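J.: Below is start36.txt; it holds compact mmCIF, C-alpha atoms and all ligand atoms.
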```
# COMPACT_ATOMS: atom_id res chain seq x y z
CA ARG A 964 19.33 -23.56 22.60
CA TYR A 965 19.79 -19.96 21.42
CA ASP A 966 17.20 -17.80 19.73
CA GLU A 967 18.53 -16.41 16.46
CA PRO A 968 17.61 -14.80 13.12
CA THR A 969 17.39 -17.38 10.33
CA ILE A 970 16.74 -17.46 6.58
CA GLY A 971 13.92 -19.69 5.49
CA SER A 972 11.85 -20.16 2.37
CA GLY A 973 8.19 -20.03 1.51
CA VAL A 974 5.70 -20.44 -1.30
CA GLY A 975 3.48 -17.40 -1.95
CA VAL A 976 -0.17 -17.09 -2.95
CA ASN A 977 0.62 -17.32 -6.67
CA GLY A 978 3.03 -20.25 -6.22
CA GLN A 979 6.38 -18.46 -6.29
CA THR A 980 9.09 -19.63 -3.90
CA LYS A 981 10.83 -16.82 -2.02
CA SER A 982 13.51 -16.40 0.63
CA LEU A 983 12.21 -15.22 4.01
CA ASN A 984 13.82 -13.55 6.99
CA THR A 985 12.61 -15.72 9.88
CA TYR A 986 13.53 -16.26 13.53
CA LEU A 987 14.29 -19.47 15.42
CA SER A 988 13.06 -19.64 18.99
CA ASN A 989 12.65 -22.78 21.10
CA GLY A 990 12.79 -25.03 18.06
CA ASN A 991 10.12 -23.15 16.08
CA TYR A 992 10.65 -20.79 13.13
CA TYR A 993 8.66 -17.52 13.22
CA LEU A 994 7.76 -15.05 10.43
CA TYR A 995 9.69 -12.44 12.36
CA ASP A 996 12.21 -10.32 10.41
CA THR A 997 14.84 -8.63 12.59
CA THR A 998 17.23 -7.75 9.73
CA LYS A 999 15.99 -4.18 9.11
CA ALA A 1000 17.39 -0.95 10.61
CA MET A 1001 17.75 -0.58 14.35
CA ASN A 1002 14.93 -2.04 16.43
CA ASN A 1003 12.51 -2.28 13.51
CA GLN A 1004 10.86 -5.65 13.13
CA ILE A 1005 8.44 -7.15 10.64
CA ARG A 1006 6.11 -9.63 12.29
CA THR A 1007 3.45 -11.68 10.52
CA TYR A 1008 0.52 -13.33 12.26
CA THR A 1009 -2.59 -15.31 11.41
CA SER A 1010 -6.10 -14.72 12.67
CA ASN A 1011 -7.05 -18.29 11.64
CA ASN A 1012 -10.19 -16.95 9.93
CA GLY A 1013 -11.27 -15.19 13.09
CA THR A 1014 -11.21 -11.53 13.99
CA TYR A 1015 -8.59 -11.51 16.73
CA LEU A 1016 -5.74 -9.09 16.07
CA PRO A 1017 -2.88 -9.58 15.79
CA GLY A 1018 -3.74 -13.27 16.36
CA ASN A 1019 -1.07 -15.96 16.53
CA TYR A 1020 2.45 -15.83 15.13
CA MET A 1021 2.70 -17.87 11.93
CA THR A 1022 5.34 -20.54 12.71
CA ASP A 1023 6.88 -23.56 11.03
CA THR A 1024 8.90 -26.50 12.33
CA ASN A 1025 11.43 -26.69 9.47
CA ASN A 1026 11.72 -23.07 8.20
CA ASN A 1027 10.08 -23.99 4.88
CA PHE A 1028 6.70 -22.21 4.81
CA ASN A 1029 5.24 -24.18 1.89
CA ALA A 1030 1.84 -25.22 3.23
CA SER A 1031 -1.18 -23.75 1.43
CA ASP A 1032 -2.41 -22.05 4.61
CA GLN A 1033 0.99 -20.36 4.98
CA ALA A 1034 1.03 -18.71 1.52
CA ALA A 1035 -0.81 -15.56 2.61
CA GLY A 1036 1.62 -15.10 5.49
CA VAL A 1037 4.63 -15.70 3.23
CA ASP A 1038 3.57 -12.86 0.92
CA ALA A 1039 2.43 -10.47 3.66
CA HIS A 1040 5.86 -10.92 5.27
CA TYR A 1041 7.93 -10.77 2.10
CA TYR A 1042 6.06 -7.81 0.55
CA ALA A 1043 6.16 -5.89 3.83
CA GLY A 1044 9.94 -6.29 3.66
CA LEU A 1045 10.04 -4.96 0.09
CA THR A 1046 7.86 -1.99 1.05
CA TYR A 1047 9.99 -1.29 4.13
CA ASP A 1048 13.08 -1.33 1.87
CA TYR A 1049 11.47 1.12 -0.59
CA PHE A 1050 10.77 3.77 2.07
CA TYR A 1051 14.14 3.23 3.77
CA ASN A 1052 16.29 3.16 0.63
CA ASN A 1053 14.49 5.93 -1.33
CA HIS A 1054 13.33 8.26 1.44
CA ASN A 1055 15.50 7.30 4.41
CA ARG A 1056 12.32 6.54 6.36
CA ASN A 1057 12.74 3.79 8.97
CA SER A 1058 9.34 2.10 8.92
CA PHE A 1059 5.98 3.85 8.65
CA ASP A 1060 6.56 6.15 11.63
CA GLY A 1061 10.12 7.05 10.68
CA ASN A 1062 11.30 5.59 14.00
CA GLY A 1063 11.51 1.86 13.40
CA ALA A 1064 7.93 0.93 14.34
CA THR A 1065 7.22 -2.78 14.10
CA ILE A 1066 5.29 -3.65 10.95
CA ALA A 1067 2.67 -6.17 12.10
CA SER A 1068 0.52 -7.95 9.52
CA THR A 1069 -2.29 -10.39 10.14
CA VAL A 1070 -3.56 -12.71 7.41
CA HIS A 1071 -6.60 -15.03 7.24
CA TYR A 1072 -8.75 -12.30 8.76
CA GLN A 1073 -12.41 -13.47 8.90
CA SER A 1074 -13.75 -15.79 6.16
CA ASN A 1075 -14.13 -14.92 2.49
CA TYR A 1076 -13.14 -11.34 3.36
CA ASN A 1077 -12.70 -9.36 0.14
CA ASN A 1078 -10.55 -6.58 1.53
CA ALA A 1079 -7.37 -5.51 3.31
CA PHE A 1080 -6.86 -2.55 5.61
CA TRP A 1081 -4.63 -0.63 8.01
CA ASN A 1082 -6.49 -0.43 11.34
CA GLY A 1083 -4.41 2.40 12.77
CA SER A 1084 -1.92 -0.04 14.31
CA GLN A 1085 -1.34 -2.91 11.89
CA MET A 1086 -2.04 -4.36 8.45
CA VAL A 1087 -4.93 -6.81 8.07
CA TYR A 1088 -5.57 -9.07 5.04
CA GLY A 1089 -8.59 -11.13 4.10
CA ASP A 1090 -8.49 -14.34 2.06
CA GLY A 1091 -11.06 -13.16 -0.48
CA ASP A 1092 -14.01 -15.36 -1.42
CA GLY A 1093 -12.04 -17.10 -4.16
CA ARG A 1094 -14.04 -15.36 -6.94
CA THR A 1095 -13.62 -11.63 -6.42
CA PHE A 1096 -10.27 -12.01 -4.66
CA ILE A 1097 -7.85 -14.66 -3.49
CA GLU A 1098 -5.65 -13.90 -0.47
CA LEU A 1099 -5.08 -10.17 -0.75
CA SER A 1100 -1.52 -10.15 0.64
CA GLY A 1101 -0.58 -12.03 -2.54
CA ALA A 1102 -0.33 -8.67 -4.33
CA LEU A 1103 2.64 -6.37 -3.68
CA ASP A 1104 0.56 -3.35 -4.70
CA ILE A 1105 -2.04 -4.15 -2.02
CA VAL A 1106 0.62 -4.59 0.69
CA ALA A 1107 2.30 -1.33 -0.35
CA HIS A 1108 -1.13 0.37 -0.46
CA GLU A 1109 -1.84 -0.61 3.15
CA ILE A 1110 1.62 0.24 4.50
CA THR A 1111 1.41 3.65 2.79
CA HIS A 1112 -1.78 4.28 4.82
CA ALA A 1113 0.41 3.82 7.89
CA VAL A 1114 2.95 6.34 6.52
CA THR A 1115 0.07 8.76 5.86
CA THR A 1116 -1.22 8.33 9.41
CA TYR A 1117 2.19 9.40 10.74
CA SER A 1118 2.48 12.35 8.34
CA ALA A 1119 -0.39 14.24 6.61
CA ASP A 1120 -2.99 12.04 8.35
CA LEU A 1121 -5.47 12.92 5.61
CA ALA A 1122 -9.01 12.59 7.05
CA TYR A 1123 -10.63 9.48 5.53
CA HIS A 1124 -13.63 11.11 3.83
CA ASN A 1125 -14.50 13.34 0.85
CA GLN A 1126 -11.52 14.91 -0.99
CA SER A 1127 -8.95 14.37 1.80
CA GLY A 1128 -10.04 10.74 1.97
CA ALA A 1129 -9.79 10.33 -1.81
CA LEU A 1130 -6.26 11.80 -1.54
CA ASN A 1131 -5.51 9.34 1.26
CA GLU A 1132 -6.58 6.50 -1.02
CA SER A 1133 -4.74 7.99 -4.01
CA PHE A 1134 -1.41 8.35 -2.18
CA SER A 1135 -1.70 4.68 -1.17
CA ASP A 1136 -2.30 3.72 -4.81
CA VAL A 1137 0.55 6.02 -5.94
CA PHE A 1138 3.18 4.37 -3.72
CA ALA A 1139 1.70 0.93 -4.50
CA ILE A 1140 2.51 1.56 -8.18
CA ILE A 1141 5.94 3.03 -7.41
CA VAL A 1142 6.90 0.12 -5.10
CA GLU A 1143 5.88 -2.32 -7.86
CA GLY A 1144 8.09 -0.16 -10.10
CA ASP A 1145 6.92 -1.43 -13.47
CA THR A 1146 6.22 1.38 -15.97
CA ASN A 1147 3.87 -1.00 -17.78
CA ASP A 1148 1.87 -1.78 -14.64
CA TRP A 1149 -0.70 0.93 -13.89
CA LEU A 1150 -3.14 -1.63 -12.44
CA LEU A 1151 -4.03 -2.24 -8.80
CA GLY A 1152 -4.88 -5.64 -7.34
CA GLU A 1153 -4.45 -7.55 -10.60
CA ASP A 1154 -2.37 -10.33 -8.99
CA VAL A 1155 -5.20 -11.46 -6.71
CA TYR A 1156 -8.33 -10.01 -8.34
CA THR A 1157 -10.86 -12.32 -10.07
CA PRO A 1158 -8.72 -15.44 -10.53
CA GLY A 1159 -11.22 -16.61 -13.15
CA ILE A 1160 -10.72 -13.56 -15.38
CA TYR A 1161 -7.39 -12.71 -17.03
CA GLY A 1162 -6.01 -9.18 -17.22
CA ASP A 1163 -8.55 -7.24 -15.17
CA ALA A 1164 -7.95 -5.32 -11.94
CA LEU A 1165 -9.75 -3.45 -9.20
CA ARG A 1166 -8.45 -0.06 -10.41
CA SER A 1167 -6.36 1.44 -13.20
CA MET A 1168 -4.24 4.58 -12.75
CA SER A 1169 -3.87 5.10 -16.53
CA ASN A 1170 -7.56 4.57 -17.28
CA PRO A 1171 -9.66 4.95 -14.11
CA GLU A 1172 -12.91 4.95 -16.11
CA GLN A 1173 -12.23 1.34 -17.13
CA TYR A 1174 -13.20 0.36 -13.56
CA ASN A 1175 -15.86 2.99 -12.97
CA GLN A 1176 -13.73 5.72 -11.45
CA PRO A 1177 -13.82 9.35 -12.68
CA ALA A 1178 -10.63 10.68 -14.29
CA HIS A 1179 -11.69 14.36 -14.29
CA MET A 1180 -13.26 16.82 -11.86
CA ASP A 1181 -16.24 17.17 -14.21
CA ASP A 1182 -17.15 13.61 -13.17
CA TYR A 1183 -16.54 14.00 -9.42
CA TYR A 1184 -18.80 11.47 -7.67
CA HIS A 1185 -20.96 13.03 -4.96
CA SER A 1186 -21.61 10.28 -2.45
CA PRO A 1187 -22.82 10.47 1.17
CA ASP A 1188 -20.12 10.88 3.81
CA THR A 1189 -21.20 7.59 5.42
CA LYS A 1190 -19.79 4.05 5.59
CA ASP A 1191 -22.28 2.94 2.94
CA GLY A 1192 -21.29 5.96 0.86
CA ASP A 1193 -17.65 4.95 1.14
CA TRP A 1194 -17.14 8.16 3.14
CA GLY A 1195 -17.92 10.40 0.20
CA GLY A 1196 -16.68 7.91 -2.40
CA VAL A 1197 -13.00 7.82 -1.40
CA HIS A 1198 -12.35 4.72 -3.56
CA THR A 1199 -14.14 6.32 -6.52
CA ASN A 1200 -12.88 9.90 -6.52
CA SER A 1201 -9.29 8.70 -5.99
CA GLY A 1202 -9.44 8.08 -9.76
CA ILE A 1203 -9.00 11.82 -10.37
CA PRO A 1204 -5.67 12.34 -8.49
CA ASN A 1205 -4.65 8.84 -9.63
CA LYS A 1206 -4.96 9.92 -13.26
CA ALA A 1207 -2.96 13.06 -12.49
CA PHE A 1208 -0.20 10.86 -11.05
CA TYR A 1209 -0.28 8.70 -14.18
CA HIS A 1210 0.46 11.81 -16.27
CA VAL A 1211 3.18 13.04 -13.88
CA ALA A 1212 4.99 9.69 -13.58
CA SER A 1213 4.70 9.07 -17.32
CA ASP A 1214 6.46 12.43 -17.82
CA ILE A 1215 9.23 12.32 -15.18
CA GLY A 1216 9.40 8.70 -13.96
CA PHE A 1217 8.86 6.91 -10.65
CA GLU A 1218 11.99 8.14 -8.89
CA LYS A 1219 11.37 11.89 -9.31
CA SER A 1220 7.59 11.58 -8.88
CA GLY A 1221 8.16 9.43 -5.79
CA ASP A 1222 10.40 12.11 -4.25
CA ILE A 1223 7.89 14.87 -5.04
CA TYR A 1224 4.88 12.88 -3.73
CA TYR A 1225 6.78 11.79 -0.60
CA LYS A 1226 7.79 15.37 0.24
CA ALA A 1227 4.22 16.61 -0.29
CA LEU A 1228 2.79 13.81 1.90
CA THR A 1229 5.28 14.28 4.73
CA GLN A 1230 5.91 18.04 4.69
CA TYR A 1231 2.98 19.92 3.16
CA LEU A 1232 -0.31 18.03 3.26
CA THR A 1233 -2.52 18.10 6.35
CA SER A 1234 -5.59 16.17 7.51
CA THR A 1235 -7.99 18.57 5.76
CA SER A 1236 -6.12 19.02 2.47
CA ASP A 1237 -8.32 18.85 -0.64
CA PHE A 1238 -7.42 18.23 -4.30
CA GLU A 1239 -6.42 21.88 -4.91
CA ASP A 1240 -4.22 21.81 -1.79
CA ALA A 1241 -2.59 18.65 -3.16
CA ARG A 1242 -1.74 20.42 -6.41
CA VAL A 1243 -0.17 23.33 -4.47
CA ALA A 1244 1.75 20.93 -2.18
CA LEU A 1245 3.08 18.91 -5.12
CA GLU A 1246 4.07 22.06 -7.06
CA GLN A 1247 5.92 23.40 -4.00
CA SER A 1248 7.62 20.02 -3.47
CA ALA A 1249 8.76 19.97 -7.10
CA ILE A 1250 10.17 23.50 -6.73
CA ASP A 1251 11.94 22.59 -3.46
CA LEU A 1252 13.55 19.55 -5.07
CA TYR A 1253 14.16 20.62 -8.67
CA GLY A 1254 13.41 24.32 -9.05
CA SER A 1255 10.98 25.68 -11.62
CA GLY A 1256 11.73 23.19 -14.37
CA SER A 1257 10.24 20.22 -16.21
CA GLU A 1258 9.25 18.49 -12.96
CA LEU A 1259 7.12 21.46 -11.87
CA GLN A 1260 5.67 21.61 -15.38
CA ALA A 1261 4.77 17.90 -15.17
CA ILE A 1262 2.75 18.52 -11.98
CA LYS A 1263 0.96 21.52 -13.53
CA ASN A 1264 0.20 19.57 -16.70
CA GLY A 1265 -1.01 16.44 -14.90
CA PHE A 1266 -3.38 18.38 -12.69
CA ASP A 1267 -4.59 20.58 -15.55
CA LEU A 1268 -5.52 17.44 -17.50
CA VAL A 1269 -7.81 16.20 -14.69
CA GLY A 1270 -9.36 19.60 -14.06
CA ILE A 1271 -7.78 20.35 -10.67
CA GLY A 1272 -6.91 24.01 -11.00
C1 LIG A 1301 -12.26 -2.00 6.01
C2 LIG A 1301 -13.05 -1.38 4.92
C3 LIG A 1301 -12.29 -0.30 4.17
C4 LIG A 1301 -10.81 -0.53 4.08
C5 LIG A 1301 -10.18 0.34 3.04
C6 LIG A 1301 -8.75 -0.15 2.74
S1 LIG A 1301 -7.52 0.94 3.27
C7 LIG A 1301 -8.56 -0.26 1.27
O1 LIG A 1301 -8.63 0.75 0.58
N1 LIG A 1301 -8.31 -1.48 0.77
C8 LIG A 1301 -7.99 -1.59 -0.61
C9 LIG A 1301 -7.42 -2.98 -0.88
C10 LIG A 1301 -6.85 -2.99 -2.25
C11 LIG A 1301 -5.77 -2.12 -2.59
C12 LIG A 1301 -5.24 -2.14 -3.87
C13 LIG A 1301 -5.79 -3.05 -4.86
C14 LIG A 1301 -6.89 -3.85 -4.52
C15 LIG A 1301 -7.42 -3.83 -3.23
C16 LIG A 1301 -9.19 -1.33 -1.48
O2 LIG A 1301 -9.07 -0.72 -2.51
N2 LIG A 1301 -10.36 -1.85 -1.05
C17 LIG A 1301 -11.59 -1.74 -1.87
C18 LIG A 1301 -12.04 -3.13 -2.23
C19 LIG A 1301 -12.67 -1.02 -1.09
O3 LIG A 1301 -12.56 -0.99 0.17
O4 LIG A 1301 -13.59 -0.52 -1.76
CA CA A 1302 -0.17 -3.60 -10.03
ZN ZN A 1303 -6.87 2.11 1.22
```
Please, can you express the file's structure as structure tokens?

T.:
Amino acid sequence: RYDEPTIGSGVGVNGQTKSLNTYLSNGNYYLYDTTKAMNNQIRTYTSNNGTYLPGNYMTDTNNNFNASDQAAGVDAHYYAGLTYDYFYNNHNRNSFDGNGATIASTVHYQSNYNNAFWNGSQMVYGDGDGRTFIELSGALDIVAHEITHAVTTYSADLAYHNQSGALNESFSDVFAIIVEGDTNDWLLGEDVYTPGIYGDALRSMSNPEQYNQPAHMDDYYHSPDTKDGDWGGVHTNSGIPNKAFYHVASDIGFEKSGDIYYKALTQYLTSTSDFEDARVALEQSAIDLYGSGSELQAIKNGFDLVGIG
């Protein structure tokens, strides 16, 4: 019996059926996608509500991943593939390290875990407690958010605290929105956030204040640089550069803003960059790509509007 790439199907967290790149080995089908550029692989595991990482491969006997406990893995796998395709097709980046690194995702991490994260080596997704969140890999913007953290690690490596940390969070939200690619969708987490409440989200790029984030430097949130202080409020102050991005992308679109933000992240920003440095990096990236035209003006305008001078 030969091992070989296969195409299976699965049902995601929100009930949609999707085609999956899987792998047949010894009579079992694995969530193991070998179809991407040279040597890159996308591998999806389950921690079975424990804390072991990466845990066990998620497998199926008939290549139809339609069991309820497989849904989180279906979406983590499928959305990782979409995010891989975005960075490869739009920025010619082969995986998060630019060299075909395996994208490993683990779902069913702990119990009732209302979060998802990049742990420096892989993506990890909780199931949520069923009230605040359902399985977090069920949202493309969350998967793209986490994989962008991996891209950041292998580029600017923005230190995860204070303004550099808020930029780290903001760049993950920026590419989450771009990968979703819907000019009407400025929300983050809406597909898996509060299943009992329609239309809300964890964050909004167009109106950060709606979910208690500042949208201007005048309202910068001074929080302790501790775990309990969210390392200087990185998930709060990200609202300020997020709002700037909303203005920029509303002006020049996701393709041009994506190219400018990608160049800034990978060629100009460093681990200690602050909000002002980000403005300078984005202005320089716009000039490099488009000269001193409307794109540069969009950056200047967006950052002026949020008070980053
Ligand atoms: C381990 C503790 C901290 C992890 C932080 C990760 S990178 C993170 O920022 N996770 C996102 C998940 C997310 C992304 C987009 C939309 C919804 C939810 C996040 O924002 N987590 C919030 C809940 C937080 O940690 O405050
Ligand atoms: Ca969204
Ligand atoms: Zn994050």

J.: Between A:Glu1098, A:Asp1038, A:Asp1120, A:Asp1104, which is the closest to ligand CA 1302 (chain A) once you count all atoms listed in the file?

T.: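 Of A:Glu1098, A:Asp1038, A:Asp1120, A:Asp1104, the one nearest ligand CA 1302 (chain A) is A:Asp1104, counting all atoms listed in the file.
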
J.: Would you kindly return, as an MDAnalysis selection string, each protein, DNA or RNA residue with an atom no farther than 8 Å from any atom of range 1229-1240 of chain A, considering all atoms listed in the file and excluding same-chain residues fewer than 5 positions away?

T.: chainID A and resid 1115 1118:1122 1126:1127 1130 1204 1271:1272

J.: If you count all atoms listed in the file, which residues fall within 6 Å of range 1210-1223 of chain A, apart from same-chain ones fewer than 2 positions away, as a VMD selection string?

T.: chain A and resid 1141 1207 to 1208 1225 to 1226 1248 to 1249 1261 to 1262 1265

J.: Let me have all residues with an atom within 10 Å of ligand LIG 1301 (chain A), counting only C-alpha atoms and all ligand atoms, laid out as a PDB file with C-alpha atoms, in the coordinates of the input.

T.:
```pdb
ATOM      1  CA  TYR A1076     -13.140 -11.340   3.360  1.00  0.00           C
ATOM      2  CA  ASN A1077     -12.700  -9.360   0.140  1.00  0.00           C
ATOM      3  CA  ASN A1078     -10.550  -6.580   1.530  1.00  0.00           C
ATOM      4  CA  ALA A1079      -7.370  -5.510   3.310  1.00  0.00           C
ATOM      5  CA  PHE A1080      -6.860  -2.550   5.610  1.00  0.00           C
ATOM      6  CA  TRP A1081      -4.630  -0.630   8.010  1.00  0.00           C
ATOM      7  CA  ASN A1082      -6.490  -0.430  11.340  1.00  0.00           C
ATOM      8  CA  MET A1086      -2.040  -4.360   8.450  1.00  0.00           C
ATOM      9  CA  VAL A1087      -4.930  -6.810   8.070  1.00  0.00           C
ATOM     10  CA  TYR A1088      -5.570  -9.070   5.040  1.00  0.00           C
ATOM     11  CA  GLY A1089      -8.590 -11.130   4.100  1.00  0.00           C
ATOM     12  CA  THR A1095     -13.620 -11.630  -6.420  1.00  0.00           C
ATOM     13  CA  PHE A1096     -10.270 -12.010  -4.660  1.00  0.00           C
ATOM     14  CA  LEU A1099      -5.080 -10.170  -0.750  1.00  0.00           C
ATOM     15  CA  SER A1100      -1.520 -10.150   0.640  1.00  0.00           C
ATOM     16  CA  ALA A1102      -0.330  -8.670  -4.330  1.00  0.00           C
ATOM     17  CA  LEU A1103       2.640  -6.370  -3.680  1.00  0.00           C
ATOM     18  CA  ASP A1104       0.560  -3.350  -4.700  1.00  0.00           C
ATOM     19  CA  ILE A1105      -2.040  -4.150  -2.020  1.00  0.00           C
ATOM     20  CA  VAL A1106       0.620  -4.590   0.690  1.00  0.00           C
ATOM     21  CA  ALA A1107       2.300  -1.330  -0.350  1.00  0.00           C
ATOM     22  CA  HIS A1108      -1.130   0.370  -0.460  1.00  0.00           C
ATOM     23  CA  GLU A1109      -1.840  -0.610   3.150  1.00  0.00           C
ATOM     24  CA  ILE A1110       1.620   0.240   4.500  1.00  0.00           C
ATOM     25  CA  THR A1111       1.410   3.650   2.790  1.00  0.00           C
ATOM     26  CA  HIS A1112      -1.780   4.280   4.820  1.00  0.00           C
ATOM     27  CA  ALA A1113       0.410   3.820   7.890  1.00  0.00           C
ATOM     28  CA  TYR A1123     -10.630   9.480   5.530  1.00  0.00           C
ATOM     29  CA  ALA A1129      -9.790  10.330  -1.810  1.00  0.00           C
ATOM     30  CA  ASN A1131      -5.510   9.340   1.260  1.00  0.00           C
ATOM     31  CA  GLU A1132      -6.580   6.500  -1.020  1.00  0.00           C
ATOM     32  CA  SER A1133      -4.740   7.990  -4.010  1.00  0.00           C
ATOM     33  CA  SER A1135      -1.700   4.680  -1.170  1.00  0.00           C
ATOM     34  CA  ASP A1136      -2.300   3.720  -4.810  1.00  0.00           C
ATOM     35  CA  ALA A1139       1.700   0.930  -4.500  1.00  0.00           C
ATOM     36  CA  ILE A1140       2.510   1.560  -8.180  1.00  0.00           C
ATOM     37  CA  LEU A1150      -3.140  -1.630 -12.440  1.00  0.00           C
ATOM     38  CA  LEU A1151      -4.030  -2.240  -8.800  1.00  0.00           C
ATOM     39  CA  GLY A1152      -4.880  -5.640  -7.340  1.00  0.00           C
ATOM     40  CA  GLU A1153      -4.450  -7.550 -10.600  1.00  0.00           C
ATOM     41  CA  ASP A1154      -2.370 -10.330  -8.990  1.00  0.00           C
ATOM     42  CA  VAL A1155      -5.200 -11.460  -6.710  1.00  0.00           C
ATOM     43  CA  TYR A1156      -8.330 -10.010  -8.340  1.00  0.00           C
ATOM     44  CA  ALA A1164      -7.950  -5.320 -11.940  1.00  0.00           C
ATOM     45  CA  LEU A1165      -9.750  -3.450  -9.200  1.00  0.00           C
ATOM     46  CA  ARG A1166      -8.450  -0.060 -10.410  1.00  0.00           C
ATOM     47  CA  SER A1167      -6.360   1.440 -13.200  1.00  0.00           C
ATOM     48  CA  LYS A1190     -19.790   4.050   5.590  1.00  0.00           C
ATOM     49  CA  ASP A1193     -17.650   4.950   1.140  1.00  0.00           C
ATOM     50  CA  TRP A1194     -17.140   8.160   3.140  1.00  0.00           C
ATOM     51  CA  GLY A1196     -16.680   7.910  -2.400  1.00  0.00           C
ATOM     52  CA  VAL A1197     -13.000   7.820  -1.400  1.00  0.00           C
ATOM     53  CA  HIS A1198     -12.350   4.720  -3.560  1.00  0.00           C
ATOM     54  CA  THR A1199     -14.140   6.320  -6.520  1.00  0.00           C
TER      55      THR A1199
END
```

J.: With all atoms of range 1243-1261 of chain A from the file as input, state the centre and edge lengths in Å to one decimal of the axis-aligned box that has 5 Å extra on each side, as JSON.

T.:
```
{"center_x": 7.0, "center_y": 21.8, "center_z": -9.2, "size_x": 24.3, "size_y": 17.8, "size_z": 24.0}
```

J.: List the neighbours of Ser988 in chain A out to 9 Å using all atoms listed in the file; skip same-chain residues closer than 6 positions along the sequence, and give me the result as a count of residues only.

T.: 5

J.: Find, counting all atoms listed in the file, the residue in A:Tyr986, A:Glu1246, A:Gly1159, A:Thr1116 that gets nearest to ligand ZN 1303 (chain A).

T.: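 For ligand ZN 1303 (chain A), the nearest of the candidates is A:Thr1116.
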
J.: Find the spatial neighbours of Thr1024 in chain A, counting only C-alpha atoms, within a cut-off of 10 Å - ignore same-chain residues fewer than 3 positions away - and output them as a PyMOL selection string.

T.: chain A and resi 987+990-993+1027-1028

J.: Please, what distance in Å, to one decimal, runs between CA of Thr1046 in chain A and atom ZN of ligand ZN 1303 (chain A)?

T.: 15.3 Å

J.: Smallest atom-to-atom distance to ligand CA 1302 (chain A): which of A:Pro1158, A:Gly1044, A:Pro1187, A:Gly1144, using all atoms listed in the file?

T.: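 For ligand CA 1302 (chain A), the nearest of the given residues is A:Gly1144.
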
J.: Using only C-alpha atoms and all ligand atoms, which of the listed residues (A:Ala1030, A:Val1137, A:Ala1035, A:Val1114) sits closest to ligand CA 1302 (chain A)?

T.: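 Looking only at the distances to ligand CA 1302 (chain A), the closest residue turns out to be A:Val1137.
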